[in-house]
Amino acid sequence: MPCNPEHRTVPAPQYRVSGEEALERTRAFRELMGTRRSFRQFSDRPVPFQLIRNAIATAATAPSGANQQPWRFVVLSDPGIKRRFRQAIETEEYEFYHSRASQEWLEALKPIGTDWRKPFMEVAPYLIVVFEVHKGPNSTRPYFAKESVGIAVGFLLASLHQAGLATLTHTTSPMGWVNELLGRPREERPFLVIPVGYPAEWATVPDIRRKPLEEVMVHLDGW
Ligand SMILES: Cc1cc2nc3c(=O)[nH]c(=O)nc-3n(C[C@H](O)[C@H](O)[C@H](O)COP(=O)(O)O)c2cc1C
């Protein structure tokens, strides 16, 4: 007998994966995700909108604090709005690279090779602007909104990657102008901008290293 009448349950989904199959699936998924990179050079080749829709629908299955799903995904594809978006972001980024960024920050960015220019914001067929929604039910603030939106973006990136699409997780601060440009309400706070498209045929990526598993995983076994 449930003691809380608002707590209703339904049968849990059945996963049923054998040990061998599970091992193979995790290996294959690791291999697939191991090839994901951030792209800054995109093709303007059209991308079927259904791929974007499916990826956002996947993102929306993510877990969230108290199931408040504090996310909004605004998709831009119109060349005019993408151009205005690029212009606005480049204005901010110019300020960042020429005065706002600390020397340390600029040093950290050197291996990535970024600068204030963001042509990909216009070339990529889609920009997905991810917002963190700051108003939950009864106007309360959602619980753990950032964590929840971050996980949803992970799902989104994984879905787009396995469709052979290139993405870039792009931030810029301050992003207050985004709401005005896109006519979004105040309770939606810009979180990330994700250009999506096929990679340019001539694309290159920074030669970076990922930390070895031994460095990022600590297995506290045998206590
Ligand atoms: C939260 C976050 C913010 C990022 N912001 C930017 C950004 O503003 N501009 C950019 O070019 N890359 C940005 N990146 C991409 C990182 O530079 C990139 O993920 C990192 O160098 C690792 O490369 P990889 O994604 O190819 O593995 C961001 C990534 C994350 C996760």
# chains A, B, ... in the order shown; residues from 1 in each chain; ligands from 1

$ select_by_dssp --residues "stretch 1-222 of chain A" --states "strand (DSSP E)" --output "PyMOL selection string"
chain A and resi 71-76+126-133+166-167+188-197

$ write_last_selection --atoms "N, CA and C atoms" --output "PDB file, in the first residue's frame"
ATOM      1  N   TRP A  71      14.276  22.174 -19.602  1.00  0.00           N
ATOM      2  CA  TRP A  71      15.005  22.466 -20.841  1.00  0.00           C
ATOM      3  C   TRP A  71      14.078  22.958 -21.935  1.00  0.00           C
ATOM      4  N   ARG A  72      14.671  23.719 -22.831  1.00  0.00           N
ATOM      5  CA  ARG A  72      13.971  24.149 -24.047  1.00  0.00           C
ATOM      6  C   ARG A  72      15.009  24.134 -25.157  1.00  0.00           C
ATOM      7  N   PHE A  73      14.661  23.572 -26.297  1.00  0.00           N
ATOM      8  CA  PHE A  73      15.594  23.483 -27.423  1.00  0.00           C
ATOM      9  C   PHE A  73      15.015  24.306 -28.573  1.00  0.00           C
ATOM     10  N   VAL A  74      15.649  25.405 -28.882  1.00  0.00           N
ATOM     11  CA  VAL A  74      15.139  26.284 -29.943  1.00  0.00           C
ATOM     12  C   VAL A  74      16.005  26.063 -31.183  1.00  0.00           C
ATOM     13  N   VAL A  75      15.364  25.660 -32.272  1.00  0.00           N
ATOM     14  CA  VAL A  75      16.104  25.291 -33.481  1.00  0.00           C
ATOM     15  C   VAL A  75      16.043  26.440 -34.489  1.00  0.00           C
ATOM     16  N   LEU A  76      17.220  26.880 -34.940  1.00  0.00           N
ATOM     17  CA  LEU A  76      17.287  27.942 -35.950  1.00  0.00           C
ATOM     18  C   LEU A  76      17.809  27.355 -37.261  1.00  0.00           C
ATOM     19  N   TYR A 126      21.814  23.989 -39.042  1.00  0.00           N
ATOM     20  CA  TYR A 126      20.990  24.220 -37.846  1.00  0.00           C
ATOM     21  C   TYR A 126      21.833  24.753 -36.693  1.00  0.00           C
ATOM     22  N   LEU A 127      21.215  25.647 -35.933  1.00  0.00           N
ATOM     23  CA  LEU A 127      21.752  26.014 -34.623  1.00  0.00           C
ATOM     24  C   LEU A 127      20.698  25.571 -33.613  1.00  0.00           C
ATOM     25  N   ILE A 128      21.113  24.748 -32.668  1.00  0.00           N
ATOM     26  CA  ILE A 128      20.179  24.397 -31.587  1.00  0.00           C
ATOM     27  C   ILE A 128      20.581  25.240 -30.380  1.00  0.00           C
ATOM     28  N   VAL A 129      19.706  26.143 -29.989  1.00  0.00           N
ATOM     29  CA  VAL A 129      19.984  26.983 -28.824  1.00  0.00           C
ATOM     30  C   VAL A 129      19.296  26.328 -27.633  1.00  0.00           C
ATOM     31  N   VAL A 130      20.112  25.900 -26.682  1.00  0.00           N
ATOM     32  CA  VAL A 130      19.569  25.174 -25.531  1.00  0.00           C
ATOM     33  C   VAL A 130      19.372  26.160 -24.382  1.00  0.00           C
ATOM     34  N   PHE A 131      18.194  26.153 -23.814  1.00  0.00           N
ATOM     35  CA  PHE A 131      17.885  27.019 -22.687  1.00  0.00           C
ATOM     36  C   PHE A 131      17.637  26.180 -21.435  1.00  0.00           C
ATOM     37  N   GLU A 132      18.023  26.779 -20.303  1.00  0.00           N
ATOM     38  CA  GLU A 132      17.711  26.195 -19.001  1.00  0.00           C
ATOM     39  C   GLU A 132      16.476  26.966 -18.515  1.00  0.00           C
ATOM     40  N   VAL A 133      15.394  26.260 -18.245  1.00  0.00           N
ATOM     41  CA  VAL A 133      14.159  26.948 -17.848  1.00  0.00           C
ATOM     42  C   VAL A 133      14.171  27.142 -16.338  1.00  0.00           C
ATOM     43  N   ALA A 166      28.024  16.487 -37.362  1.00  0.00           N
ATOM     44  CA  ALA A 166      29.034  17.201 -36.580  1.00  0.00           C
ATOM     45  C   ALA A 166      28.333  18.209 -35.683  1.00  0.00           C
ATOM     46  N   THR A 167      28.892  18.394 -34.495  1.00  0.00           N
ATOM     47  CA  THR A 167      28.328  19.361 -33.548  1.00  0.00           C
ATOM     48  C   THR A 167      29.454  20.162 -32.911  1.00  0.00           C
ATOM     49  N   GLU A 188      13.714  31.612 -19.460  1.00  0.00           N
ATOM     50  CA  GLU A 188      14.605  30.711 -20.201  1.00  0.00           C
ATOM     51  C   GLU A 188      15.986  31.342 -20.251  1.00  0.00           C
ATOM     52  N   ARG A 189      16.947  30.666 -19.664  1.00  0.00           N
ATOM     53  CA  ARG A 189      18.320  31.191 -19.663  1.00  0.00           C
ATOM     54  C   ARG A 189      19.162  30.447 -20.682  1.00  0.00           C
ATOM     55  N   PRO A 190      19.830  31.183 -21.597  1.00  0.00           N
ATOM     56  CA  PRO A 190      20.667  30.499 -22.596  1.00  0.00           C
ATOM     57  C   PRO A 190      21.716  29.623 -21.911  1.00  0.00           C
ATOM     58  N   PHE A 191      21.853  28.429 -22.394  1.00  0.00           N
ATOM     59  CA  PHE A 191      22.757  27.447 -21.770  1.00  0.00           C
ATOM     60  C   PHE A 191      23.912  27.132 -22.711  1.00  0.00           C
ATOM     61  N   LEU A 192      23.586  26.749 -23.933  1.00  0.00           N
ATOM     62  CA  LEU A 192      24.597  26.435 -24.943  1.00  0.00           C
ATOM     63  C   LEU A 192      24.014  26.681 -26.325  1.00  0.00           C
ATOM     64  N   VAL A 193      24.892  26.902 -27.282  1.00  0.00           N
ATOM     65  CA  VAL A 193      24.478  26.972 -28.688  1.00  0.00           C
ATOM     66  C   VAL A 193      25.185  25.835 -29.403  1.00  0.00           C
ATOM     67  N   ILE A 194      24.430  25.028 -30.124  1.00  0.00           N
ATOM     68  CA  ILE A 194      25.027  23.855 -30.767  1.00  0.00           C
ATOM     69  C   ILE A 194      24.805  23.907 -32.277  1.00  0.00           C
ATOM     70  N   PRO A 195      25.810  24.356 -33.043  1.00  0.00           N
ATOM     71  CA  PRO A 195      25.700  24.236 -34.496  1.00  0.00           C
ATOM     72  C   PRO A 195      25.702  22.752 -34.871  1.00  0.00           C
ATOM     73  N   VAL A 196      24.844  22.401 -35.819  1.00  0.00           N
ATOM     74  CA  VAL A 196      24.742  20.999 -36.257  1.00  0.00           C
ATOM     75  C   VAL A 196      24.753  20.945 -37.780  1.00  0.00           C
ATOM     76  N   GLY A 197      25.533  20.038 -38.319  1.00  0.00           N
ATOM     77  CA  GLY A 197      25.558  19.858 -39.768  1.00  0.00           C
ATOM     78  C   GLY A 197      26.514  18.737 -40.110  1.00  0.00           C
TER      79      GLY A 197
END

$ residues_near_ligand --ligand "ligand 1" --cutoff "10 Å" --atoms "only C-alpha atoms and all ligand atoms" --output "CSV table (one decimal) with N, CA and C atoms, in the first residue's frame"
chain,number,residue,atom,x,y,z
A,33,MET,N,31.4,6.6,-29.5
A,33,MET,CA,31.5,7.9,-28.9
A,33,MET,C,32.9,8.4,-28.9
A,34,GLY,N,33.8,7.4,-28.9
A,34,GLY,CA,35.3,7.8,-29.0
A,34,GLY,C,35.6,8.6,-30.3
A,35,THR,N,34.8,8.5,-31.3
A,35,THR,CA,35.1,9.2,-32.5
A,35,THR,C,34.4,10.6,-32.5
A,36,ARG,N,33.6,10.9,-31.5
A,36,ARG,CA,32.9,12.2,-31.5
A,36,ARG,C,34.0,13.3,-31.3
A,37,ARG,N,33.9,14.3,-32.1
A,37,ARG,CA,34.8,15.5,-31.9
A,37,ARG,C,33.9,16.8,-32.1
A,38,SER,N,34.4,17.8,-31.5
A,38,SER,CA,33.8,19.1,-31.7
A,38,SER,C,34.3,19.7,-33.1
A,39,PHE,N,33.4,20.1,-33.9
A,39,PHE,CA,33.7,20.6,-35.3
A,39,PHE,C,33.5,22.1,-35.3
A,40,ARG,N,34.4,22.8,-36.0
A,40,ARG,CA,34.3,24.2,-36.2
A,40,ARG,C,34.3,24.6,-37.7
A,93,GLU,N,32.1,37.8,-28.7
A,93,GLU,CA,33.4,37.0,-28.7
A,93,GLU,C,34.6,38.0,-29.0
A,108,ALA,N,44.7,28.8,-22.2
A,108,ALA,CA,44.1,27.5,-22.2
A,108,ALA,C,43.4,27.3,-23.6
A,109,LEU,N,43.0,28.3,-24.2
A,109,LEU,CA,42.3,28.2,-25.5
A,109,LEU,C,43.3,28.0,-26.7
A,111,PRO,N,45.6,25.8,-27.6
A,111,PRO,CA,45.7,24.5,-28.3
A,111,PRO,C,44.4,24.2,-29.1
A,112,ILE,N,43.3,24.9,-28.7
A,112,ILE,CA,42.0,24.6,-29.4
A,112,ILE,C,42.0,25.5,-30.7
A,113,GLY,N,42.7,26.6,-30.7
A,113,GLY,CA,42.9,27.4,-31.9
A,113,GLY,C,41.7,28.3,-32.2
A,114,THR,N,40.8,28.6,-31.2
A,114,THR,CA,39.6,29.4,-31.5
A,114,THR,C,40.0,30.9,-31.5
A,115,ASP,N,39.1,31.7,-32.1
A,115,ASP,CA,39.2,33.1,-32.0
A,115,ASP,C,37.8,33.7,-32.1
A,116,TRP,N,37.7,35.0,-32.3
A,116,TRP,CA,36.3,35.6,-32.2
A,116,TRP,C,35.4,35.3,-33.4
A,117,ARG,N,36.1,34.8,-34.5
A,117,ARG,CA,35.3,34.6,-35.7
A,117,ARG,C,34.5,33.3,-35.6
A,118,LYS,N,33.2,33.4,-36.0
A,118,LYS,CA,32.3,32.2,-35.9
A,118,LYS,C,31.5,31.9,-37.1
A,150,GLY,N,22.5,19.7,-18.6
A,150,GLY,CA,23.8,19.1,-19.1
A,150,GLY,C,23.6,17.7,-19.5
A,153,VAL,N,21.8,17.5,-22.8
A,153,VAL,CA,22.7,17.9,-23.9
A,153,VAL,C,23.6,16.7,-24.3
A,154,GLY,N,24.0,15.9,-23.3
A,154,GLY,CA,24.8,14.7,-23.6
A,154,GLY,C,24.0,13.8,-24.5
A,167,THR,N,28.9,18.4,-34.5
A,167,THR,CA,28.3,19.4,-33.5
A,167,THR,C,29.5,20.2,-32.9
A,168,LEU,N,29.1,21.3,-32.3
A,168,LEU,CA,30.0,22.0,-31.5
A,168,LEU,C,29.2,22.5,-30.3
A,169,THR,N,29.8,22.3,-29.1
A,169,THR,CA,29.2,22.8,-27.9
A,169,THR,C,29.7,24.1,-27.6
A,170,HIS,N,28.9,25.2,-27.9
A,170,HIS,CA,29.4,26.5,-27.9
A,170,HIS,C,28.8,27.3,-26.8
A,171,THR,N,29.6,28.0,-26.0
A,171,THR,CA,29.1,28.9,-24.9
A,171,THR,C,29.6,30.3,-25.3
A,172,THR,N,28.9,31.2,-24.7
A,172,THR,CA,29.4,32.6,-24.7
A,172,THR,C,28.7,33.3,-23.6
A,173,SER,N,29.5,34.1,-22.9
A,173,SER,CA,28.8,34.9,-21.9
A,173,SER,C,29.3,36.3,-21.9
A,191,PHE,N,21.9,28.4,-22.4
A,191,PHE,CA,22.8,27.4,-21.8
A,191,PHE,C,23.9,27.1,-22.7
A,192,LEU,N,23.6,26.7,-23.9
A,192,LEU,CA,24.6,26.4,-24.9
A,192,LEU,C,24.0,26.7,-26.3
A,193,VAL,N,24.9,26.9,-27.3
A,193,VAL,CA,24.5,27.0,-28.7
A,193,VAL,C,25.2,25.8,-29.4
A,194,ILE,N,24.4,25.0,-30.1
A,194,ILE,CA,25.0,23.9,-30.8
A,194,ILE,C,24.8,23.9,-32.3
A,205,VAL,N,40.5,19.0,-36.9
A,205,VAL,CA,40.2,19.2,-35.5
A,205,VAL,C,41.5,19.3,-34.7
A,206,PRO,N,41.4,20.0,-33.5
A,206,PRO,CA,42.7,20.2,-32.7
A,206,PRO,C,43.2,18.8,-32.3
A,207,ASP,N,44.5,18.7,-32.3
A,207,ASP,CA,45.2,17.5,-31.9
A,207,ASP,C,45.2,17.5,-30.3
A,208,ILE,N,44.2,17.0,-29.7
A,208,ILE,CA,44.1,16.9,-28.3
A,208,ILE,C,44.1,15.5,-27.8
A,209,ARG,N,44.4,15.4,-26.5
A,209,ARG,CA,44.5,14.0,-25.9
A,209,ARG,C,43.4,13.9,-24.8
A,210,ARG,N,42.8,12.7,-24.8
A,210,ARG,CA,41.8,12.5,-23.7
A,210,ARG,C,42.6,11.8,-22.5

$ select_by_dssp --residues "stretch 44-213 of chain A" --states "helix (DSSP H, G or I)" --output "PyMOL selection string"
chain A and resi 49-59+65-67+79-100+103-109+120-123+137-139+145-162+176-182+213

$ closest_atom_pairs --of "stretch 141-213 of chain A" --to "stretch 8-30 of chain A" --cutoff "12 Å" --atoms "only C-alpha atoms" --output "JSON lines"
{"residue": "A:Ala158", "atom": "CA", "partner": "A:Phe29", "partner_atom": "CA", "distance": 9.7}
{"residue": "A:Ser159", "atom": "CA", "partner": "A:Phe29", "partner_atom": "CA", "distance": 11.4}
{"residue": "A:His161", "atom": "CA", "partner": "A:Phe29", "partner_atom": "CA", "distance": 11.2}
{"residue": "A:Gln162", "atom": "CA", "partner": "A:Phe29", "partner_atom": "CA", "distance": 9.4}

$ closest_residue --among "A:Phe96, A:Leu160, A:Phe155, A:Arg86" --to "A:Leu51" --atoms "only C-alpha atoms"
A:Leu160

$ closest_atom_pairs --of "stretch 87-179 of chain A" --to "stretch 45-49 of chain A" --cutoff "9 Å" --atoms "only C-alpha atoms" --output "Markdown table"
| residue | atom | partner | partner_atom | distance |
| --- | --- | --- | --- | --- |
| A:Ala124 | CA | A:Arg45 | CA | 8.3 |
| A:Pro125 | CA | A:Pro46 | CA | 6.2 |
| A:Tyr126 | CA | A:Val47 | CA | 8.2 |
| A:Leu165 | CA | A:Val47 | CA | 8.5 |

$ atom_distance --atom1 "atom CA of A:Pro174" --atom2 "atom CA of A:Glu90"
12.2 Å

$ closest_residue --among "A:Ser148, A:Asn54, A:Gln41, A:Asn179" --to "A:Ala163" --atoms "only C-alpha atoms"
A:Asn54

$ closest_residue --among "A:Gln50, A:Thr91, A:Ser43, A:Gln69" --to "A:Met175" --atoms "only C-alpha atoms"
A:Thr91

$ residues_around --residues "A:Pro142" --least-positions-apart "3" --cutoff "10 Å" --atoms "only C-alpha atoms" --output "PyMOL selection string"
chain A and resi 64-70+132-137+139+145-146+148

$ write_last_selection --atoms "C-alpha atoms" --output "compact mmCIF listing (two decimals), in the first residue's frame"
# COMPACT_ATOMS: atom_id res chain seq x y z
CA SER A 64 15.97 15.59 -14.39
CA GLY A 65 15.74 16.84 -10.82
CA ALA A 66 12.21 15.99 -9.54
CA ASN A 67 11.33 15.23 -13.18
CA GLN A 68 10.95 18.95 -13.89
CA GLN A 69 12.56 18.70 -17.35
CA PRO A 70 13.93 22.26 -17.22
CA GLU A 132 17.71 26.19 -19.00
CA VAL A 133 14.16 26.95 -17.85
CA HIS A 134 14.20 28.72 -14.52
CA LYS A 135 10.54 28.49 -13.69
CA GLY A 136 9.19 25.16 -12.50
CA PRO A 137 5.64 24.20 -11.49
CA SER A 139 6.74 29.31 -10.27
CA ALA A 145 18.43 22.60 -13.52
CA LYS A 146 22.03 22.90 -14.75
CA SER A 148 19.62 18.17 -15.75

$ atom_distance --atom1 "atom CA of A:Tyr143" --atom2 "atom CA of A:His219"
29.0 Å

$ closest_residue --among "A:Ala152, A:Val123, A:Val178, A:Leu213" --to "A:Asp44" --atoms "only C-alpha atoms"
A:Val123

$ residues_around --residues "A:Leu181" --least-positions-apart "5" --cutoff "10 Å" --atoms "only C-alpha atoms" --output "VMD selection string"
chain A and resid 81 84 to 85 88 176

$ write_last_selection --atoms "N, CA and C atoms" --output "PDB file, in the first residue's frame"
ATOM      1  N   ILE A  81      18.179  34.619 -39.678  1.00  0.00           N
ATOM      2  CA  ILE A  81      18.314  34.592 -38.205  1.00  0.00           C
ATOM      3  C   ILE A  81      19.677  34.040 -37.810  1.00  0.00           C
ATOM      4  N   ARG A  84      22.134  36.880 -38.143  1.00  0.00           N
ATOM      5  CA  ARG A  84      22.044  37.821 -37.022  1.00  0.00           C
ATOM      6  C   ARG A  84      22.635  37.207 -35.758  1.00  0.00           C
ATOM      7  N   PHE A  85      22.419  35.918 -35.609  1.00  0.00           N
ATOM      8  CA  PHE A  85      22.972  35.211 -34.448  1.00  0.00           C
ATOM      9  C   PHE A  85      24.503  35.265 -34.507  1.00  0.00           C
ATOM     10  N   ALA A  88      25.800  38.768 -33.676  1.00  0.00           N
ATOM     11  CA  ALA A  88      25.701  39.083 -32.245  1.00  0.00           C
ATOM     12  C   ALA A  88      26.755  38.317 -31.457  1.00  0.00           C
ATOM     13  N   GLY A 176      22.672  37.313 -22.570  1.00  0.00           N
ATOM     14  CA  GLY A 176      21.362  37.949 -22.356  1.00  0.00           C
ATOM     15  C   GLY A 176      20.688  38.347 -23.657  1.00  0.00           C
TER      16      GLY A 176
END

$ decode --residues "stretch 30-56 of chain A" --atoms "N, CA, C and O atoms" --output "mmCIF file, in the first residue's frame"
data_model
loop_
_atom_site.group_PDB
_atom_site.id
_atom_site.type_symbol
_atom_site.label_atom_id
_atom_site.label_comp_id
_atom_site.auth_asym_id
_atom_site.auth_seq_id
_atom_site.Cartn_x
_atom_site.Cartn_y
_atom_site.Cartn_z
ATOM 1 N N ARG A 30 31.168 2.699 -26.785
ATOM 2 C CA ARG A 30 32.394 3.410 -26.432
ATOM 3 C C ARG A 30 33.191 3.764 -27.690
ATOM 4 O O ARG A 30 33.716 4.867 -27.827
ATOM 5 N N GLU A 31 33.273 2.797 -28.609
ATOM 6 C CA GLU A 31 34.023 3.037 -29.849
ATOM 7 C C GLU A 31 33.383 4.158 -30.655
ATOM 8 O O GLU A 31 34.057 5.050 -31.157
ATOM 9 N N LEU A 32 32.052 4.095 -30.735
ATOM 10 C CA LEU A 32 31.322 5.132 -31.479
ATOM 11 C C LEU A 32 31.545 6.505 -30.850
ATOM 12 O O LEU A 32 31.894 7.478 -31.529
ATOM 13 N N MET A 33 31.369 6.592 -29.540
ATOM 14 C CA MET A 33 31.490 7.896 -28.875
ATOM 15 C C MET A 33 32.933 8.383 -28.860
ATOM 16 O O MET A 33 33.189 9.585 -28.786
ATOM 17 N N GLY A 34 33.849 7.428 -28.948
ATOM 18 C CA GLY A 34 35.271 7.798 -28.994
ATOM 19 C C GLY A 34 35.623 8.572 -30.254
ATOM 20 O O GLY A 34 36.654 9.250 -30.299
ATOM 21 N N THR A 35 34.789 8.491 -31.277
ATOM 22 C CA THR A 35 35.068 9.230 -32.515
ATOM 23 C C THR A 35 34.352 10.587 -32.545
ATOM 24 O O THR A 35 34.458 11.313 -33.527
ATOM 25 N N ARG A 36 33.591 10.906 -31.486
ATOM 26 C CA ARG A 36 32.941 12.230 -31.470
ATOM 27 C C ARG A 36 33.991 13.306 -31.260
ATOM 28 O O ARG A 36 34.849 13.176 -30.430
ATOM 29 N N ARG A 37 33.933 14.335 -32.070
ATOM 30 C CA ARG A 37 34.783 15.503 -31.876
ATOM 31 C C ARG A 37 33.938 16.762 -32.052
ATOM 32 O O ARG A 37 32.881 16.732 -32.661
ATOM 33 N N SER A 38 34.445 17.839 -31.514
ATOM 34 C CA SER A 38 33.807 19.139 -31.748
ATOM 35 C C SER A 38 34.308 19.675 -33.076
ATOM 36 O O SER A 38 35.515 19.715 -33.312
ATOM 37 N N PHE A 39 33.365 20.079 -33.933
ATOM 38 C CA PHE A 39 33.732 20.607 -35.254
ATOM 39 C C PHE A 39 33.543 22.116 -35.286
ATOM 40 O O PHE A 39 32.589 22.642 -34.702
ATOM 41 N N ARG A 40 34.411 22.771 -36.002
ATOM 42 C CA ARG A 40 34.277 24.220 -36.202
ATOM 43 C C ARG A 40 34.269 24.558 -37.691
ATOM 44 O O ARG A 40 34.323 25.715 -38.065
ATOM 45 N N GLN A 41 34.207 23.510 -38.504
ATOM 46 C CA GLN A 41 34.121 23.686 -39.964
ATOM 47 C C GLN A 41 33.010 22.764 -40.468
ATOM 48 O O GLN A 41 33.113 21.537 -40.343
ATOM 49 N N PHE A 42 31.975 23.382 -40.977
ATOM 50 C CA PHE A 42 30.786 22.638 -41.383
ATOM 51 C C PHE A 42 30.539 22.767 -42.877
ATOM 52 O O PHE A 42 30.934 23.754 -43.501
ATOM 53 N N SER A 43 29.840 21.776 -43.423
ATOM 54 C CA SER A 43 29.324 21.858 -44.782
ATOM 55 C C SER A 43 27.940 22.528 -44.703
ATOM 56 O O SER A 43 27.268 22.422 -43.669
ATOM 57 N N ASP A 44 27.529 23.149 -45.801
ATOM 58 C CA ASP A 44 26.164 23.708 -45.804
ATOM 59 C C ASP A 44 25.161 22.698 -46.387
ATOM 60 O O ASP A 44 24.010 23.026 -46.627
ATOM 61 N N ARG A 45 25.640 21.455 -46.585
ATOM 62 C CA ARG A 45 24.762 20.399 -47.103
ATOM 63 C C ARG A 45 23.534 20.234 -46.194
ATOM 64 O O ARG A 45 23.692 20.159 -44.968
ATOM 65 N N PRO A 46 22.346 20.201 -46.797
ATOM 66 C CA PRO A 46 21.141 20.118 -45.954
ATOM 67 C C PRO A 46 21.113 18.856 -45.083
ATOM 68 O O PRO A 46 21.589 17.799 -45.495
ATOM 69 N N VAL A 47 20.542 18.996 -43.931
ATOM 70 C CA VAL A 47 20.387 17.894 -42.980
ATOM 71 C C VAL A 47 18.883 17.657 -42.823
ATOM 72 O O VAL A 47 18.135 18.608 -42.594
ATOM 73 N N PRO A 48 18.421 16.400 -42.952
ATOM 74 C CA PRO A 48 16.982 16.159 -42.753
ATOM 75 C C PRO A 48 16.546 16.608 -41.356
ATOM 76 O O PRO A 48 17.182 16.239 -40.360
ATOM 77 N N PHE A 49 15.478 17.391 -41.318
ATOM 78 C CA PHE A 49 15.023 17.921 -40.025
ATOM 79 C C PHE A 49 14.645 16.806 -39.058
ATOM 80 O O PHE A 49 14.770 16.956 -37.840
ATOM 81 N N GLN A 50 14.218 15.664 -39.600
ATOM 82 C CA GLN A 50 13.815 14.555 -38.731
ATOM 83 C C GLN A 50 14.960 14.111 -37.805
ATOM 84 O O GLN A 50 14.727 13.659 -36.691
ATOM 85 N N LEU A 51 16.210 14.255 -38.284
ATOM 86 C CA LEU A 51 17.353 13.866 -37.443
ATOM 87 C C LEU A 51 17.451 14.795 -36.231
ATOM 88 O O LEU A 51 17.776 14.373 -35.121
ATOM 89 N N ILE A 52 17.181 16.072 -36.464
ATOM 90 C CA ILE A 52 17.232 17.062 -35.383
ATOM 91 C C ILE A 52 16.089 16.781 -34.405
ATOM 92 O O ILE A 52 16.268 16.770 -33.177
ATOM 93 N N ARG A 53 14.927 16.518 -34.963
ATOM 94 C CA ARG A 53 13.739 16.217 -34.145
ATOM 95 C C ARG A 53 13.966 14.994 -33.257
ATOM 96 O O ARG A 53 13.677 15.020 -32.064
ATOM 97 N N ASN A 54 14.501 13.941 -33.891
ATOM 98 C CA ASN A 54 14.747 12.715 -33.122
ATOM 99 C C ASN A 54 15.774 12.956 -32.017
ATOM 100 O O ASN A 54 15.644 12.428 -30.912
ATOM 101 N N ALA A 55 16.791 13.731 -32.321
ATOM 102 C CA ALA A 55 17.839 13.993 -31.323
ATOM 103 C C ALA A 55 17.272 14.791 -30.155
ATOM 104 O O ALA A 55 17.586 14.510 -28.985
ATOM 105 N N ILE A 56 16.424 15.752 -30.451
ATOM 106 C CA ILE A 56 15.838 16.554 -29.364
ATOM 107 C C ILE A 56 14.850 15.701 -28.565
ATOM 108 O O ILE A 56 14.799 15.771 -27.337
#
